[in-house]
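Participant: Got coords23.pdb for you, PDB, C-alpha atoms:
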```pdb
ATOM      1  CA  MET M   1       0.000   0.000   0.000
ATOM      2  CA  GLN M   2       1.387   3.401  -0.875
ATOM      3  CA  ASP M   3       2.026   5.643   2.114
ATOM      4  CA  LEU M   4      -0.644   8.202   1.222
ATOM      5  CA  ASP M   5      -3.247   5.492   0.622
ATOM      6  CA  ARG M   6      -2.668   3.910   3.998
ATOM      7  CA  ARG M   7      -2.625   7.243   5.846
ATOM      8  CA  GLN M   8      -5.933   8.190   4.231
ATOM      9  CA  LEU M   9      -7.483   4.813   4.980
ATOM     10  CA  LEU M  10      -6.452   4.717   8.636
ATOM     11  CA  GLY M  11      -7.519   8.321   9.089
ATOM     12  CA  LEU M  12     -10.934   7.569   7.646
ATOM     13  CA  GLY M  13     -11.292   4.575   9.930
ATOM     14  CA  ALA M  14     -10.812   6.665  13.047
ATOM     15  CA  ALA M  15     -14.029   8.528  12.292
ATOM     16  CA  LEU M  16     -16.056   5.455  11.405
ATOM     17  CA  MET M  17     -16.288   3.521  14.635
ATOM     18  CA  ALA M  18     -19.611   2.498  16.129
ATOM     19  CA  GLY M  19     -19.817   1.662  19.827
ATOM     20  CA  GLY M  20     -17.111  -0.695  21.036
ATOM     21  CA  SER M  21     -17.769  -3.517  18.639
ATOM     22  CA  GLY M  22     -16.170  -2.395  15.411
ATOM     23  CA  ILE M  23     -16.748  -0.364  12.268
ATOM     24  CA  ALA M  24     -20.306   0.659  11.555
ATOM     25  CA  ARG M  25     -21.817  -1.279   8.683
ATOM     26  CA  SER M  26     -23.580   1.885   7.508
ATOM     27  CA  ALA M  27     -20.376   3.930   7.482
ATOM     28  CA  GLU M  28     -17.904   1.802   5.527
ATOM     29  CA  PRO M  29     -15.317   3.916   3.703
ATOM     30  CA  PRO M  30     -14.264   3.090   0.160
ATOM     31  CA  PRO M  31     -11.823   0.180   0.180
ATOM     32  CA  PRO M  32      -8.103   0.939  -0.126
ATOM     33  CA  PRO M  33      -6.394   0.480  -3.489
ATOM     34  CA  ALA M  34      -5.976  -3.228  -4.059
ATOM     35  CA  LEU M  35      -2.596  -4.893  -4.083
ATOM     36  CA  VAL M  36      -2.152  -7.977  -6.229
ATOM     37  CA  VAL M  37      -2.116 -11.050  -4.018
ATOM     38  CA  PRO M  38       0.884 -12.996  -5.309
ATOM     39  CA  GLY M  39       0.971 -16.690  -6.012
ATOM     40  CA  ASN M  40       3.361 -17.409  -3.165
ATOM     41  CA  TRP M  41       0.667 -16.310  -0.711
ATOM     42  CA  LYS M  42      -2.102 -18.268  -2.394
ATOM     43  CA  ASN M  43       0.019 -21.412  -2.586
ATOM     44  CA  ALA M  44       1.689 -21.302   0.837
ATOM     45  CA  PRO M  45       0.819 -24.131   3.232
ATOM     46  CA  ARG M  46      -1.576 -23.053   5.992
ATOM     47  CA  LEU M  47      -1.182 -23.952   9.630
ATOM     48  CA  PRO M  48      -4.302 -23.284  11.755
ATOM     49  CA  LEU M  49      -3.492 -21.868  15.182
ATOM     50  CA  TRP M  50      -6.221 -23.472  17.229
ATOM     51  CA  SER M  51      -7.688 -26.955  17.413
ATOM     52  CA  GLY M  52     -11.389 -26.147  17.398
ATOM     53  CA  MET M  53     -12.740 -22.641  17.808
ATOM     54  CA  PRO M  54     -10.437 -19.886  19.098
ATOM     55  CA  PRO M  55     -10.942 -18.450  22.593
ATOM     56  CA  GLY M  56     -13.936 -16.121  22.927
ATOM     57  CA  ALA M  57     -15.584 -17.315  19.714
ATOM     58  CA  GLN M  58     -19.066 -17.299  21.225
ATOM     59  CA  THR M  59     -19.303 -13.524  20.748
ATOM     60  CA  PHE M  60     -17.562 -13.254  17.360
ATOM     61  CA  SER M  61     -19.670 -10.999  15.135
ATOM     62  CA  PRO M  62     -17.601  -9.175  12.537
ATOM     63  CA  PRO M  63     -18.870  -6.356  10.357
ATOM     64  CA  VAL M  64     -19.399  -7.445   6.769
ATOM     65  CA  PRO M  65     -16.817  -5.761   4.511
ATOM     66  CA  PRO M  66     -18.006  -4.293   1.220
ATOM     67  CA  GLY M  67     -18.116  -6.760  -1.627
ATOM     68  CA  ASN M  68     -15.217  -5.004  -3.351
ATOM     69  CA  TRP M  69     -12.946  -5.079  -0.293
ATOM     70  CA  PRO M  70      -9.489  -6.194  -1.561
ATOM     71  CA  ALA M  71      -8.160  -9.598  -0.579
ATOM     72  CA  SER M  72      -4.799  -7.982   0.216
ATOM     73  CA  TYR M  73      -6.279  -6.564   3.455
ATOM     74  CA  VAL M  74      -7.791  -9.433   5.416
ATOM     75  CA  ARG M  75     -10.766  -8.839   7.700
ATOM     76  CA  SER M  76     -13.414 -11.017   9.396
ATOM     77  CA  VAL M  77     -10.777 -13.438  10.671
ATOM     78  CA  ALA M  78     -12.728 -16.331  12.176
ATOM     79  CA  MET M  79      -9.874 -18.852  12.157
ATOM     80  CA  PRO M  80      -6.384 -17.372  12.547
ATOM     81  CA  GLU M  81      -3.549 -19.162  10.811
ATOM     82  CA  LEU M  82       0.074 -19.181   9.812
ATOM     83  CA  ARG M  83       1.208 -19.334   6.207
ATOM     84  CA  VAL M  84       4.518 -21.119   5.934
ATOM     85  CA  PHE M  85       7.381 -20.185   3.593
ATOM     86  CA  ARG M  86      10.346 -22.555   3.649
ATOM     87  CA  PRO M  87      13.848 -21.778   2.356
ATOM     88  CA  SER M  88      15.729 -24.026  -0.017
ATOM     89  CA  ARG M  89      18.749 -23.865   2.325
ATOM     90  CA  PRO M  90      17.487 -23.445   5.889
ATOM     91  CA  ASN M  91      19.703 -21.787   8.484
ATOM     92  CA  GLY M  92      17.787 -23.287  11.401
ATOM     93  CA  ARG M  93      16.136 -19.985  12.314
ATOM     94  CA  ALA M  94      12.548 -18.808  11.904
ATOM     95  CA  VAL M  95      10.722 -15.480  11.837
ATOM     96  CA  LEU M  96       7.114 -15.038  12.928
ATOM     97  CA  VAL M  97       5.923 -12.132  10.764
ATOM     98  CA  ILE M  98       3.035 -10.021  12.081
ATOM     99  CA  PRO M  99       1.601  -7.617   9.473
ATOM    100  CA  GLY M 100      -0.059  -4.341  10.408
ATOM    101  CA  GLY M 101      -3.395  -2.739   9.623
ATOM    102  CA  ALA M 102      -4.461  -0.727  12.714
ATOM    103  CA  TYR M 103      -6.200  -3.811  14.151
ATOM    104  CA  TRP M 104      -8.773  -3.096  11.410
ATOM    105  CA  PHE M 105      -7.342  -5.478   8.816
ATOM    106  CA  VAL M 106      -4.205  -7.574   8.281
ATOM    107  CA  SER M 107      -2.027  -6.277   5.448
ATOM    108  CA  VAL M 108      -0.859  -9.650   4.171
ATOM    109  CA  VAL M 109       0.823  -8.551   0.938
ATOM    110  CA  ASN M 110       3.233  -5.649   1.583
ATOM    111  CA  GLU M 111       4.057  -6.850   5.111
ATOM    112  CA  GLY M 112       3.799 -10.586   4.494
ATOM    113  CA  ALA M 113       3.877 -12.164   1.051
ATOM    114  CA  GLU M 114       6.379  -9.646  -0.363
ATOM    115  CA  LEU M 115       8.661 -10.013   2.645
ATOM    116  CA  ALA M 116       8.739 -13.806   2.839
ATOM    117  CA  PRO M 117      10.997 -14.522  -0.176
ATOM    118  CA  LEU M 118      13.516 -11.915   0.972
ATOM    119  CA  LEU M 119      13.898 -13.734   4.278
ATOM    120  CA  THR M 120      13.760 -17.286   2.912
ATOM    121  CA  ALA M 121      16.563 -16.309   0.506
ATOM    122  CA  ARG M 122      18.670 -15.753   3.644
ATOM    123  CA  GLY M 123      17.756 -19.168   5.043
ATOM    124  CA  TYR M 124      14.926 -18.171   7.390
ATOM    125  CA  THR M 125      11.744 -20.192   7.635
ATOM    126  CA  VAL M 126       8.955 -17.618   7.611
ATOM    127  CA  PHE M 127       5.567 -17.921   9.288
ATOM    128  CA  VAL M 128       3.170 -15.068   8.442
ATOM    129  CA  LEU M 129       0.424 -14.650  11.014
ATOM    130  CA  THR M 130      -3.145 -13.778  10.070
ATOM    131  CA  TYR M 131      -4.455 -12.890  13.522
ATOM    132  CA  ARG M 132      -7.925 -12.127  14.848
ATOM    133  CA  LEU M 133      -9.030  -8.509  14.976
ATOM    134  CA  PRO M 134     -10.154  -7.296  18.403
ATOM    135  CA  GLY M 135     -13.024  -5.117  17.158
ATOM    136  CA  GLU M 136     -14.828  -8.057  15.559
ATOM    137  CA  GLY M 137     -16.795  -9.105  18.622
ATOM    138  CA  TRP M 138     -14.375 -11.430  20.405
ATOM    139  CA  THR M 139     -14.576 -11.824  24.157
ATOM    140  CA  ALA M 140     -11.713 -10.097  26.031
ATOM    141  CA  ARG M 141     -10.897  -7.988  22.978
ATOM    142  CA  ALA M 142      -7.689  -6.500  24.396
ATOM    143  CA  ASP M 143      -6.213 -10.001  24.762
ATOM    144  CA  VAL M 144      -7.300 -11.482  21.424
ATOM    145  CA  PRO M 145      -4.262 -10.527  19.278
ATOM    146  CA  LEU M 146      -1.866 -11.574  22.051
ATOM    147  CA  GLN M 147      -3.651 -14.920  22.356
ATOM    148  CA  ASP M 148      -2.909 -15.565  18.688
ATOM    149  CA  ALA M 149       0.684 -14.312  18.861
ATOM    150  CA  GLN M 150       1.501 -16.443  21.916
ATOM    151  CA  ARG M 151      -0.163 -19.473  20.369
ATOM    152  CA  ALA M 152       1.744 -18.936  17.113
ATOM    153  CA  MET M 153       5.111 -18.869  18.872
ATOM    154  CA  ARG M 154       4.259 -21.996  20.853
ATOM    155  CA  LEU M 155       2.970 -23.837  17.797
ATOM    156  CA  ILE M 156       6.091 -23.030  15.765
ATOM    157  CA  ARG M 157       8.286 -24.098  18.689
ATOM    158  CA  SER M 158       6.346 -27.361  19.054
ATOM    159  CA  ARG M 159       7.053 -28.190  15.401
ATOM    160  CA  ALA M 160      10.680 -27.116  15.320
ATOM    161  CA  ALA M 161      11.959 -30.581  14.415
ATOM    162  CA  GLU M 162       9.520 -30.848  11.500
ATOM    163  CA  TYR M 163      10.730 -27.549  10.064
ATOM    164  CA  ARG M 164      14.420 -28.184  10.898
ATOM    165  CA  LEU M 165      14.530 -25.270  13.328
ATOM    166  CA  ASP M 166      16.408 -24.442  16.474
ATOM    167  CA  ALA M 167      13.519 -23.920  18.892
ATOM    168  CA  ASN M 168      15.565 -21.217  20.633
ATOM    169  CA  ARG M 169      16.014 -19.171  17.446
ATOM    170  CA  ILE M 170      12.476 -18.074  16.571
ATOM    171  CA  ALA M 171      12.207 -14.300  16.152
ATOM    172  CA  ALA M 172       9.131 -12.095  15.853
ATOM    173  CA  LEU M 173       8.854  -9.244  13.355
ATOM    174  CA  GLY M 174       5.936  -6.813  13.417
ATOM    175  CA  PHE M 175       4.816  -3.787  11.418
ATOM    176  CA  SER M 176       2.688  -0.841  12.581
ATOM    177  CA  ALA M 177      -0.167  -2.313  14.677
ATOM    178  CA  GLY M 178       1.518  -5.667  14.070
ATOM    179  CA  GLY M 179       4.543  -4.014  15.655
ATOM    180  CA  HIS M 180       2.393  -3.248  18.669
ATOM    181  CA  LEU M 181       1.433  -6.910  18.814
ATOM    182  CA  ALA M 182       5.078  -8.004  18.440
ATOM    183  CA  ALA M 183       6.114  -5.572  21.189
ATOM    184  CA  THR M 184       3.313  -6.885  23.388
ATOM    185  CA  LEU M 185       4.549 -10.419  22.760
ATOM    186  CA  ALA M 186       8.118  -9.360  23.593
ATOM    187  CA  THR M 187       7.055  -7.833  26.907
ATOM    188  CA  ARG M 188       4.013  -9.939  27.872
ATOM    189  CA  HIS M 189       4.950 -13.363  26.502
ATOM    190  CA  ALA M 190       4.330 -14.972  29.904
ATOM    191  CA  GLU M 191       0.972 -13.291  30.561
ATOM    192  CA  GLN M 192      -1.813 -15.878  30.918
ATOM    193  CA  VAL M 193      -4.400 -14.807  28.335
ATOM    194  CA  TYR M 194      -5.972 -18.156  27.404
ATOM    195  CA  ASP M 195      -6.475 -21.627  28.805
ATOM    196  CA  ASN M 196      -4.116 -24.327  27.573
ATOM    197  CA  ARG M 197      -5.403 -26.419  24.689
ATOM    198  CA  ASP M 198      -2.659 -29.015  24.144
ATOM    199  CA  ALA M 199       0.986 -29.836  24.773
ATOM    200  CA  ALA M 200       2.176 -26.877  22.666
ATOM    201  CA  ASP M 201       0.775 -24.500  25.268
ATOM    202  CA  ALA M 202       3.237 -25.800  27.853
ATOM    203  CA  LEU M 203       6.045 -24.240  25.775
ATOM    204  CA  ALA M 204       7.377 -20.707  26.147
ATOM    205  CA  ALA M 205       5.894 -17.965  23.960
ATOM    206  CA  ARG M 206       8.960 -15.733  24.320
ATOM    207  CA  PRO M 207      10.607 -14.837  21.003
ATOM    208  CA  TRP M 208      14.357 -15.123  20.615
ATOM    209  CA  ALA M 209      14.457 -11.532  19.310
ATOM    210  CA  THR M 210      11.940  -8.980  18.072
ATOM    211  CA  GLY M 211      11.938  -6.609  15.103
ATOM    212  CA  LEU M 212       9.619  -3.599  15.346
ATOM    213  CA  ILE M 213       9.132  -1.712  12.075
ATOM    214  CA  TYR M 214       7.283   1.648  12.267
ATOM    215  CA  PRO M 215       5.503   0.189  15.303
ATOM    216  CA  VAL M 216       2.653   1.419  17.423
ATOM    217  CA  ILE M 217       4.151   1.046  20.909
ATOM    218  CA  SER M 218       2.288   3.305  23.306
ATOM    219  CA  LEU M 219      -1.471   3.599  23.683
ATOM    220  CA  ARG M 220      -1.046   6.803  25.647
ATOM    221  CA  ASP M 221      -1.863  10.212  24.224
ATOM    222  CA  PRO M 222      -0.478  12.136  22.431
ATOM    223  CA  VAL M 223       1.768   9.640  20.633
ATOM    224  CA  THR M 224      -0.541   6.682  20.091
ATOM    225  CA  HIS M 225      -2.262   5.753  16.848
ATOM    226  CA  ALA M 226      -5.886   6.508  17.729
ATOM    227  CA  LEU M 227      -7.578   3.918  15.517
ATOM    228  CA  SER M 228      -5.326   1.092  16.702
ATOM    229  CA  ARG M 229      -6.091   1.959  20.320
ATOM    230  CA  GLN M 230      -9.814   2.306  19.666
ATOM    231  CA  LEU M 231     -10.099  -1.039  17.922
ATOM    232  CA  LEU M 232      -8.002  -2.818  20.525
ATOM    233  CA  LEU M 233      -9.566  -1.322  23.648
ATOM    234  CA  GLY M 234     -12.906   0.183  22.615
ATOM    235  CA  ASP M 235     -14.174   3.747  22.614
ATOM    236  CA  SER M 236     -13.538   4.828  26.201
ATOM    237  CA  PRO M 237     -10.707   2.812  27.730
ATOM    238  CA  SER M 238      -9.598   3.530  31.254
ATOM    239  CA  THR M 239      -6.101   4.668  32.124
ATOM    240  CA  GLU M 240      -5.479   1.192  33.520
ATOM    241  CA  GLN M 241      -6.556  -0.455  30.260
ATOM    242  CA  ILE M 242      -4.385   1.915  28.223
ATOM    243  CA  ASP M 243      -1.334   1.306  30.385
ATOM    244  CA  ARG M 244      -1.854  -2.466  30.381
ATOM    245  CA  ARG M 245      -1.318  -2.541  26.631
ATOM    246  CA  SER M 246       1.320   0.192  26.322
ATOM    247  CA  ALA M 247       4.374  -1.942  25.616
ATOM    248  CA  GLU M 248       6.988   0.557  26.773
ATOM    249  CA  LEU M 249       5.602   0.337  30.336
ATOM    250  CA  HIS M 250       6.292  -3.409  30.552
ATOM    251  CA  VAL M 251       9.914  -3.681  29.467
ATOM    252  CA  ASP M 252      11.879  -5.660  32.055
ATOM    253  CA  ALA M 253      14.679  -8.181  32.361
ATOM    254  CA  SER M 254      12.662 -10.797  30.466
ATOM    255  CA  THR M 255      11.981  -8.580  27.437
ATOM    256  CA  THR M 256      13.545  -9.922  24.266
ATOM    257  CA  PRO M 257      16.295  -8.024  22.389
ATOM    258  CA  ALA M 258      14.728  -5.516  20.024
ATOM    259  CA  PHE M 259      15.501  -4.066  16.599
ATOM    260  CA  LEU M 260      13.678  -0.790  15.923
ATOM    261  CA  CYS M 261      13.198   0.975  12.594
ATOM    262  CA  HIS M 262      11.055   4.060  11.987
ATOM    263  CA  ALA M 263      11.009   6.909   9.485
ATOM    264  CA  LEU M 264      11.078  10.419  10.903
ATOM    265  CA  ASP M 265       8.565  11.541   8.272
ATOM    266  CA  ASP M 266       5.962   8.926   9.312
ATOM    267  CA  THR M 267       2.716  10.887   9.625
ATOM    268  CA  ALA M 268       0.534   7.894  10.554
ATOM    269  CA  VAL M 269       2.398   6.481  13.574
ATOM    270  CA  PRO M 270       4.616   9.076  15.297
ATOM    271  CA  VAL M 271       8.272   8.189  15.650
ATOM    272  CA  GLU M 272       7.896   8.935  19.369
ATOM    273  CA  ASN M 273       6.530   5.391  19.684
ATOM    274  CA  THR M 274       9.911   3.968  18.723
ATOM    275  CA  LEU M 275      11.736   6.541  20.848
ATOM    276  CA  ARG M 276       9.736   5.499  23.917
ATOM    277  CA  MET M 277      10.527   1.829  23.310
ATOM    278  CA  LEU M 278      14.204   2.654  22.818
ATOM    279  CA  ALA M 279      14.296   4.592  26.107
ATOM    280  CA  ALA M 280      12.508   1.788  27.972
ATOM    281  CA  MET M 281      14.907  -0.839  26.628
ATOM    282  CA  ARG M 282      17.919   1.258  27.606
ATOM    283  CA  ASP M 283      16.507   1.928  31.075
ATOM    284  CA  ALA M 284      16.061  -1.833  31.551
ATOM    285  CA  LYS M 285      19.529  -2.503  30.120
ATOM    286  CA  ARG M 286      18.124  -4.753  27.431
ATOM    287  CA  PRO M 287      19.850  -5.237  24.060
ATOM    288  CA  VAL M 288      18.430  -2.826  21.477
ATOM    289  CA  GLU M 289      19.349  -1.384  18.093
ATOM    290  CA  ALA M 290      17.462   1.535  16.531
ATOM    291  CA  HIS M 291      17.452   3.023  13.042
ATOM    292  CA  LEU M 292      15.719   6.376  12.544
ATOM    293  CA  LEU M 293      15.328   7.083   8.845
ATOM    294  CA  GLN M 294      15.201  10.559   7.368
ATOM    295  CA  GLU M 295      12.519   9.467   4.914
ATOM    296  CA  GLY M 296      10.343   6.476   4.216
ATOM    297  CA  GLY M 297       6.917   7.437   5.543
ATOM    298  CA  HIS M 298       4.608   4.765   6.912
ATOM    299  CA  ALA M 299       3.884   1.260   5.637
ATOM    300  CA  PHE M 300       7.006   1.035   3.508
ATOM    301  CA  GLY M 301       6.944  -2.747   3.843
ATOM    302  CA  VAL M 302      10.081  -4.253   2.333
ATOM    303  CA  GLY M 303      11.374  -0.746   1.627
ATOM    304  CA  ARG M 304      10.976   1.929  -1.009
ATOM    305  CA  PRO M 305      13.779   2.006  -3.595
ATOM    306  CA  GLY M 306      15.904   5.118  -3.367
ATOM    307  CA  THR M 307      15.085   5.778   0.285
ATOM    308  CA  PRO M 308      16.821   4.607   3.466
ATOM    309  CA  SER M 309      13.885   2.267   4.082
ATOM    310  CA  ALA M 310      15.286  -0.041   1.401
ATOM    311  CA  GLN M 311      18.116  -0.994   3.774
ATOM    312  CA  TRP M 312      16.232  -2.238   6.808
ATOM    313  CA  ILE M 313      16.081  -5.945   5.894
ATOM    314  CA  PRO M 314      19.873  -6.456   5.614
ATOM    315  CA  LEU M 315      20.321  -4.390   8.782
ATOM    316  CA  PHE M 316      17.783  -6.553  10.614
ATOM    317  CA  CYS M 317      19.362  -9.807   9.438
ATOM    318  CA  ALA M 318      22.849  -8.581  10.356
ATOM    319  CA  TRP M 319      21.517  -7.702  13.804
ATOM    320  CA  LEU M 320      19.988 -11.166  14.203
ATOM    321  CA  ASP M 321      23.401 -12.648  13.349
ATOM    322  CA  ARG M 322      24.851 -10.726  16.306
ATOM    323  CA  THR M 323      22.022 -11.534  18.727
ATOM    324  CA  SER M 324      22.608 -14.295  21.253
TER     325      SER M 324
END
```
Show this structure as structure tokens.

Facilitator:
Amino acid sequence: MQDLDRRQLLGLGAALMAGGSGIARSAEPPPPPALVVPGNWKNAPRLPLWSGMPPGAQTFSPPVPPGNWPASYVRSVAMPELRVFRPSRPNGRAVLVIPGGAYWFVSVVNEGAELAPLLTARGYTVFVLTYRLPGEGWTARADVPLQDAQRAMRLIRSRAAEYRLDANRIAALGFSAGGHLAATLATRHAEQVYDNRDAADALAARPWATGLIYPVISLRDPVTHALSRQLLLGDSPSTEQIDRRSAELHVDASTTPAFLCHALDDTAVPVENTLRMLAAMRDAKRPVEAHLLQEGGHAFGVGRPGTPSAQWIPLFCAWLDRTS
């Protein structure tokens, strides 16, 4: 999605909320410009997260997207899943990729399908997460994305031998609101947000390392992304609810090493989100690397040619090589 398109879309969404349950059916904006869904996404093996219905399914009631809503922005996620991309020469490491979309949709092309081959070419096994959206009626809405992220990490870890992985070398990589989810996983990986289903849930959900690309970090004003907060927490969250899901407030000795990348000209998610996470990591004496780009805007995905954003993937992979 081009930067302007995504800024316009997420700005429109902030004015189109109805109650605490999601986007009003009578107030749907025009859909964003479609991205072509590539064959690698369509053909990738799918790994369902949950055996049976996900937690809180009894209240699931998503708004019905317009008939022309593009398939590149997934909504109405009833059954979350991983799509698996395997390298020809595996390096024993994996990356759980968490696309963004303001908790309104999951942007599976520019922050998923387009990224996967660039990481598999470096030997990484890539698992792209299509997670449930908290404004679609689920019980305990503020916990729903974290339930899926924790379950995804545990499921990948439980199948490490099958995918020829080192179970201790599974990173998470999130973008925008997916960056908020990745940061929440990095800081709240041990939080009990669902009842165990099977043996996989006895495993740790802590990532080996976490990449946060133009992430939403804080849900506090004035730096938060309003739509992401509204869809995650509802219309009138309390200070306690806001602080519970502001990742920078939960950095501690158990927080995973973090790689941060944000463009200074991002007008959708303020760079102050990354700066707050950087300060929290330094205060806690946790390993952290940050790249603040002069230009790149928001939602640059794999990077825009001719801008510094085109360099973040090799920087991230070089950082992973140095991370113990």

Participant: Tell me, in Å to one decimal, how far CA of Val271 in chain M is from CA of Gly297 in chain M.

Facilitator: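 So the answer is 10.2 Å.
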
Participant: Using the chain letters and residue numbers of this document, give as a VMD selection string the residues selected by the PyMOL selection byres ((chain M and resi 44) around 12).

Facilitator: chain M and resid 37 to 43 45 to 47 81 to 86 112 to 113 116 to 117 126 to 128

Participant: For Trp208 in chain M, which residue among M:Thr307, M:Ser324, M:Asn273, M:Gln58 is the nearest when counting only C-alpha atoms?

Facilitator: M:Ser324

Participant: Can you pull out the residues contacting range 59-62 of chain M? Cut-off 7 Å, using all atoms listed in the file, and skip same-chain residues under 4 positions away; I want them as a list in words.

Facilitator: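 Using all atoms listed in the file, the neighbours found are Ser76, Glu136, Gly137, Trp138 and Thr139 of chain M.
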
Participant: To one decimal in Å, tell me the separation between CA of Thr255 in chain M and CA of Ala202 in chain M.

Facilitator: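 Going from CA of Thr255 in chain M over to CA of Ala202 in chain M, I get 19.3 Å.
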
Participant: If I take CA of Leu129 in chain M and CA of Arg159 in chain M, how far is one from the other in Å, to one decimal?

Facilitator: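 Between CA of Leu129 in chain M and CA of Arg159 in chain M the gap works out to 15.7 Å.
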
Participant: In the coordinate frame of the file, compute which residues have an atom within 12 Å of (-16.5, -7.7, 4.5) when using only C-alpha atoms, and state them as number ranges by chain.

Facilitator: M: 23-25, 28-31, 61-71, 73-77, 104-105, 136
